2 protein chains.
Amino acid sequence: MKSVEADGEGGGIRAVSRAWRVLRAFSPEHMSLSVAELVRETGLPRTTVLRLVDTLAAEGLLETAADGHVRVGTSLIGFAAFAEAAWTVPEASLARMRELAAETGETVSLYVRKGLSRVVIGQAPSPNTLRHVVQPGDELPLSAGAAAHVLLSLEPADGRDELITQVARDDAAPLRAGVETATEAGWSVSHGQREPGNSGLAVPIPFAPEAGRVPARPVVLALGGPTVRFTEDRIPGFVTAVRRCAEDLARTGVPPALY
Amino acid sequence: MKSVEADGEGGGIRAVSRAWRVLRAFSPEHMSLSVAELVRETGLPRTTVLRLVDTLAAEGLLETAADGHVRVGTSLIGFAAFAEAAWTVPEASLARMRELAAETGETVSLYVRKGLSRVVIGQAPSPNTLRHVVQPGDELPLSAGAAAHVLLSLEPADGRDELITQVARDDAAPLRAGVETATEAGWSVSHGQREPGNSGLAVPIPFAPEAGRVPARPVVLALGGPTVRFTEDRIPGFVTAVRRCAEDLARTGVPPALY
């Protein structure tokens with residue numbers, strides 16, 4: 001007989017994934033949730049929610065109060081401080097990214113791959129009112145955009161094509177062409193692929209053992225902004241500026257979690 | 001047949017507690033762990049660790065890299081930002097706590113009860129070199145110290161005595177006496193109960209619907225420092241100063257997670 005807690009989707013331990021679903025139901029707007037609200041938010045059966053809340057409360061990850069509501073627990077204090085430190089871009093790198101944002105007028109972001117997505121792990125916003133807005137932690141598709149092309153170009157050759165097929169699903173040819181261009185040129189530019197009127201320009205961070213510590217996976221540096229400002233005449237200057245910044249970041253480093 | 005993942009200690013879901021044990025194995029000093037290191041750190045069987053890592057990686061809470069090492073994943077970025085915000089002491093309250101630390105020369109801390117412990121949820125350090133040092137998230141015993149006495153005095157009367165017995169175990173009489181004194185006086189002072197040479201003085205934060213939002217559980221404001229500075233002649237001044245601060249905090253508030 002199979003365990004009721006095991007073998008959820010993907011062969012993982014279902015109870016663990018469900019516990020994470022319960023924790024994510026909390027947000028700045030929902031600091032306190034009733035069990036009924038948790039049932040609604042997670043889509044899990046009430047008995048499952050009750051058992052998960054009990055377990056998470058025993059670990060101090062949640063708190064159940066006399067009013068019957070559930071809140072986030074004190075065990076998160078130390079863990080949040082650790083997780084935040086783990087994902088903090090070193091100050092010297094962030095300062096350099098702010099410099100690039102000022103120089104180009106566009107939003108500067110760091111991306112890593114996460115499965116079939118790419119995740120923003122650091123950012124310096126454009127000084128312009130009309131700007132590309134992302135937050136660290138945001139997940140974007142790996143199927144489109146300059147940063148996606150460069151990230152895929154940095155994958156080991158033996159698994160890259162299969163990954164592209166998985167990411168693109170129906171029509172992998174345009175993505176494959178974009179990745180090839182990025183591989184050859186060492187940078188990529190895209191216009192309106194992910195969102196109309198939005199452009200991106202990305203380069204790899206050229207980590208090298210002689211320049212500093214090398215993280216366990218590739219990191220991409222990207223500029224994002226409105227297509228009207230990513231004109232043909234500006235692209236060469238953008239490429240030069242972004243590459244210079246990427247060379248500096250290879251020395252000043254990326255968040256500690258990546259090493 | 002019982003589920004292998006369910007019914008761990010305390011009737012909780014064992015896989016969830018174990019997953020949390022795996023996550024806590026990471027620290028600023030251990031950002032990258034091999035599976036063997038995770039086995040050693042958690043005391044869990046290797047097959048269990050592998051399944052937990054797979055599940056946590058599928059949720060983006062961990063990452064497994066080509067080098068076989070495990071690191072914290074990008075799903076923690078957004079969650080850490082939320083958890084940190086949830087447990088941040090409002091700026092006005094923190095400023096008021098810093099004022100009290102400057103006025104008294106002692107470390108100012110906020111405590112809540114967590115099961116049979118008390119947890120520091122906020123702090124303003126003493127300006128002195130010899131000082132009481134705690135970090136938000138630190139857990140201290142509920143069996144000793146002024147803050148413990150006041151926290152227990154604020155528990156609902158019907159469960160309080162049982163809680164005291166559970167906390168004190170062998171000899172509940174001294175703790176019960178301390179809690180009674182705190183209940184009667186509305187404050188408590190202790191010398192060297194938890195640690196020789198260390199003193200504490202604590203008062204409840206007098207939340208009231210007319211003064212501001214009332215959190216779901218009691219919060220205590222405490223001064224901590226060396227016993228040599230907690231002399232008889234200084235105590236009345238300390239009590240007045242700490243009470244005034246507590247009255248202000250009832251208005252300026254505590255971390256959002258508590259409401």
# chains A, B, ... in the order shown; residues from 1 in each chain; ligands from 1
call {"tool": "residues_around", "arguments": {"residues": "region 94-108 of chain B", "least_positions_apart": "3", "cutoff": "8 Å", "atoms": "only C-alpha atoms", "output": "mmCIF file with C-alpha atoms, in the first residue's frame"}}
result
data_model
loop_
_atom_site.group_PDB
_atom_site.id
_atom_site.type_symbol
_atom_site.label_atom_id
_atom_site.label_comp_id
_atom_site.auth_asym_id
_atom_site.auth_seq_id
_atom_site.Cartn_x
_atom_site.Cartn_y
_atom_site.Cartn_z
ATOM 1 C CA VAL B 89 9.113 46.002 14.208
ATOM 2 C CA PRO B 90 7.447 49.212 12.939
ATOM 3 C CA GLU B 91 10.012 51.989 12.572
ATOM 4 C CA GLY B 122 12.683 42.850 18.283
ATOM 5 C CA GLN B 123 15.656 44.535 19.859
ATOM 6 C CA ALA B 124 17.509 47.791 20.481
ATOM 7 C CA PRO B 125 21.007 47.122 21.843
ATOM 8 C CA SER B 126 22.479 48.810 24.886
ATOM 9 C CA PRO B 127 25.082 51.463 24.064
ATOM 10 C CA ASN B 128 27.431 49.913 26.656
ATOM 11 C CA ARG B 131 25.592 44.387 27.425
ATOM 12 C CA HIS B 132 22.853 41.806 27.094
ATOM 13 C CA VAL B 133 23.112 40.455 23.523
ATOM 14 C CA LEU B 221 8.924 44.718 26.739
ATOM 15 C CA ALA B 222 12.114 43.967 28.661
ATOM 16 C CA LEU B 223 15.377 45.545 29.682
ATOM 17 C CA GLY B 224 18.388 43.269 29.993
ATOM 18 C CA GLY B 225 21.872 43.929 31.291
ATOM 19 C CA PHE B 238 13.801 51.649 35.130
ATOM 20 C CA ALA B 241 10.968 54.390 31.860
ATOM 21 C CA VAL B 242 10.054 50.919 30.576
ATOM 22 C CA CYS B 245 7.929 53.063 26.454
ATOM 23 C CA ASP B 248 3.971 54.232 23.465
ATOM 24 C CA LEU B 249 4.515 50.846 21.783
#
call {"tool": "interface_residues", "arguments": {"of": "chain B", "to": "chain A", "cutoff": "8 Å", "atoms": "only C-alpha atoms", "output": "VMD selection string"}}
result
chain B and resid 1 to 6 11 to 13 15 to 17 19 24 27 to 28 31 to 32 51 to 52 54 to 56 58 to 60 65 to 67 71 to 87 114 119 121 136 to 138 216 to 217 256 to 259
call {"tool": "select_by_dssp", "arguments": {"residues": "region 20-199 of chain B", "states": "helix (DSSP H, G or I)", "output": "ChimeraX atom specification"}}
result
/B:20-24,35-42,46-58,75-86,91-104,146-153,157-168,173-185
call {"tool": "atom_distance", "arguments": {"atom1": "CA of Leu110 (chain B)", "atom2": "CA of Val220 (chain B)"}}
result
5.6 Å
call {"tool": "closest_residue", "arguments": {"among": "A:Leu163, A:Pro218, A:Phe207, A:Arg229", "to": "Glu247 (chain A)", "atoms": "only C-alpha atoms"}}
result
A:Phe207
call {"tool": "select_by_dssp", "arguments": {"residues": "region 19-176 of chain A", "states": "strand (DSSP E or B)", "output": "VMD selection string"}}
result
chain A and resid 27 30 32 to 33 62 to 64 70 to 72 107 to 114 117 to 124 139 to 141
call {"tool": "atom_distance", "arguments": {"atom1": "CA of Ala146 (chain A)", "atom2": "CA of Asn198 (chain A)"}}
result
11.0 Å
call {"tool": "atom_distance", "arguments": {"atom1": "CA of Leu142 (chain B)", "atom2": "CA of Leu116 (chain B)"}}
result
5.9 Å
call {"tool": "decode", "arguments": {"residues": "region 16-60 of chain A", "atoms": "N, CA and C atoms", "output": "tab-separated table (two decimals), in the first residue's frame"}}
result
chain	number	residue	atom	x	y	z
A	16	VAL	N	4.95	17.67	1.79
A	16	VAL	CA	5.91	18.78	1.83
A	16	VAL	C	5.47	19.89	0.87
A	17	SER	N	5.08	19.49	-0.33
A	17	SER	CA	4.61	20.47	-1.31
A	17	SER	C	3.35	21.17	-0.81
A	18	ARG	N	2.49	20.41	-0.15
A	18	ARG	CA	1.27	21.00	0.37
A	18	ARG	C	1.53	21.96	1.52
A	19	ALA	N	2.50	21.61	2.36
A	19	ALA	CA	2.86	22.50	3.47
A	19	ALA	C	3.37	23.83	2.93
A	20	TRP	N	4.14	23.76	1.85
A	20	TRP	CA	4.66	24.97	1.22
A	20	TRP	C	3.50	25.79	0.63
A	21	ARG	N	2.48	25.09	0.11
A	21	ARG	CA	1.30	25.79	-0.40
A	21	ARG	C	0.58	26.54	0.72
A	22	VAL	N	0.51	25.91	1.88
A	22	VAL	CA	-0.12	26.57	3.04
A	22	VAL	C	0.67	27.81	3.43
A	23	LEU	N	1.99	27.69	3.50
A	23	LEU	CA	2.81	28.84	3.91
A	23	LEU	C	2.68	30.00	2.91
A	24	ARG	N	2.61	29.66	1.63
A	24	ARG	CA	2.53	30.71	0.61
A	24	ARG	C	1.17	31.39	0.56
A	25	ALA	N	0.18	30.81	1.26
A	25	ALA	CA	-1.14	31.46	1.31
A	25	ALA	C	-1.07	32.78	2.07
A	26	PHE	N	-0.04	32.93	2.90
A	26	PHE	CA	0.13	34.17	3.66
A	26	PHE	C	0.86	35.21	2.82
A	27	SER	N	0.47	36.45	2.96
A	27	SER	CA	1.07	37.55	2.19
A	27	SER	C	0.92	38.82	3.01
A	28	PRO	N	1.58	39.89	2.58
A	28	PRO	CA	1.44	41.14	3.35
A	28	PRO	C	-0.03	41.54	3.55
A	29	GLU	N	-0.88	41.18	2.58
A	29	GLU	CA	-2.30	41.53	2.68
A	29	GLU	C	-3.07	40.49	3.51
A	30	HIS	N	-2.48	39.31	3.70
A	30	HIS	CA	-3.14	38.23	4.45
A	30	HIS	C	-2.19	37.67	5.49
A	31	MET	N	-2.03	38.44	6.57
A	31	MET	CA	-1.12	38.05	7.65
A	31	MET	C	-1.82	37.08	8.61
A	32	SER	N	-3.12	37.04	8.55
A	32	SER	CA	-3.91	36.22	9.47
A	32	SER	C	-5.02	35.57	8.68
A	33	LEU	N	-5.08	34.24	8.68
A	33	LEU	CA	-6.07	33.52	7.88
A	33	LEU	C	-6.81	32.52	8.75
A	34	SER	N	-8.11	32.42	8.55
A	34	SER	CA	-8.88	31.38	9.23
A	34	SER	C	-8.62	30.06	8.50
A	35	VAL	N	-8.97	28.95	9.15
A	35	VAL	CA	-8.81	27.65	8.50
A	35	VAL	C	-9.64	27.60	7.22
A	36	ALA	N	-10.84	28.18	7.26
A	36	ALA	CA	-11.69	28.20	6.06
A	36	ALA	C	-10.99	28.95	4.92
A	37	GLU	N	-10.36	30.06	5.27
A	37	GLU	CA	-9.64	30.82	4.24
A	37	GLU	C	-8.45	30.02	3.69
A	38	LEU	N	-7.76	29.31	4.58
A	38	LEU	CA	-6.64	28.47	4.13
A	38	LEU	C	-7.12	27.37	3.20
A	39	VAL	N	-8.28	26.78	3.52
A	39	VAL	CA	-8.86	25.74	2.66
A	39	VAL	C	-9.14	26.33	1.28
A	40	ARG	N	-9.73	27.53	1.27
A	40	ARG	CA	-10.06	28.18	0.00
A	40	ARG	C	-8.79	28.55	-0.78
A	41	GLU	N	-7.81	29.13	-0.10
A	41	GLU	CA	-6.58	29.59	-0.76
A	41	GLU	C	-5.76	28.44	-1.34
A	42	THR	N	-5.70	27.32	-0.60
A	42	THR	CA	-4.82	26.23	-1.01
A	42	THR	C	-5.54	25.19	-1.87
A	43	GLY	N	-6.87	25.16	-1.78
A	43	GLY	CA	-7.62	24.13	-2.49
A	43	GLY	C	-7.44	22.75	-1.88
A	44	LEU	N	-6.95	22.68	-0.66
A	44	LEU	CA	-6.73	21.39	0.01
A	44	LEU	C	-7.92	21.06	0.91
A	45	PRO	N	-8.15	19.76	1.16
A	45	PRO	CA	-9.23	19.38	2.08
A	45	PRO	C	-8.99	19.95	3.48
A	46	ARG	N	-10.08	20.23	4.17
A	46	ARG	CA	-10.00	20.82	5.51
A	46	ARG	C	-9.16	19.98	6.47
A	47	THR	N	-9.34	18.66	6.44
A	47	THR	CA	-8.59	17.80	7.36
A	47	THR	C	-7.08	17.88	7.07
A	48	THR	N	-6.76	17.97	5.77
A	48	THR	CA	-5.35	18.11	5.39
A	48	THR	C	-4.79	19.43	5.89
A	49	VAL	N	-5.55	20.51	5.71
A	49	VAL	CA	-5.11	21.83	6.18
A	49	VAL	C	-4.89	21.79	7.69
A	50	LEU	N	-5.81	21.19	8.41
A	50	LEU	CA	-5.69	21.15	9.87
A	50	LEU	C	-4.43	20.40	10.30
A	51	ARG	N	-4.15	19.28	9.65
A	51	ARG	CA	-2.94	18.52	10.01
A	51	ARG	C	-1.68	19.27	9.64
A	52	LEU	N	-1.70	19.92	8.49
A	52	LEU	CA	-0.51	20.69	8.07
A	52	LEU	C	-0.29	21.87	9.01
A	53	VAL	N	-1.36	22.56	9.38
A	53	VAL	CA	-1.24	23.70	10.31
A	53	VAL	C	-0.67	23.23	11.64
A	54	ASP	N	-1.17	22.10	12.14
A	54	ASP	CA	-0.65	21.55	13.40
A	54	ASP	C	0.85	21.27	13.30
A	55	THR	N	1.25	20.64	12.21
A	55	THR	CA	2.66	20.30	12.04
A	55	THR	C	3.52	21.55	11.91
A	56	LEU	N	3.06	22.49	11.10
A	56	LEU	CA	3.83	23.73	10.90
A	56	LEU	C	3.86	24.56	12.18
A	57	ALA	N	2.80	24.48	12.98
A	57	ALA	CA	2.77	25.21	14.24
A	57	ALA	C	3.75	24.58	15.24
A	58	ALA	N	3.84	23.25	15.23
A	58	ALA	CA	4.78	22.56	16.13
A	58	ALA	C	6.22	22.96	15.80
A	59	GLU	N	6.48	23.31	14.56
A	59	GLU	CA	7.83	23.74	14.16
A	59	GLU	C	8.02	25.25	14.32
A	60	GLY	N	6.96	25.95	14.75
A	60	GLY	CA	7.07	27.40	14.92
A	60	GLY	C	6.97	28.17	13.62
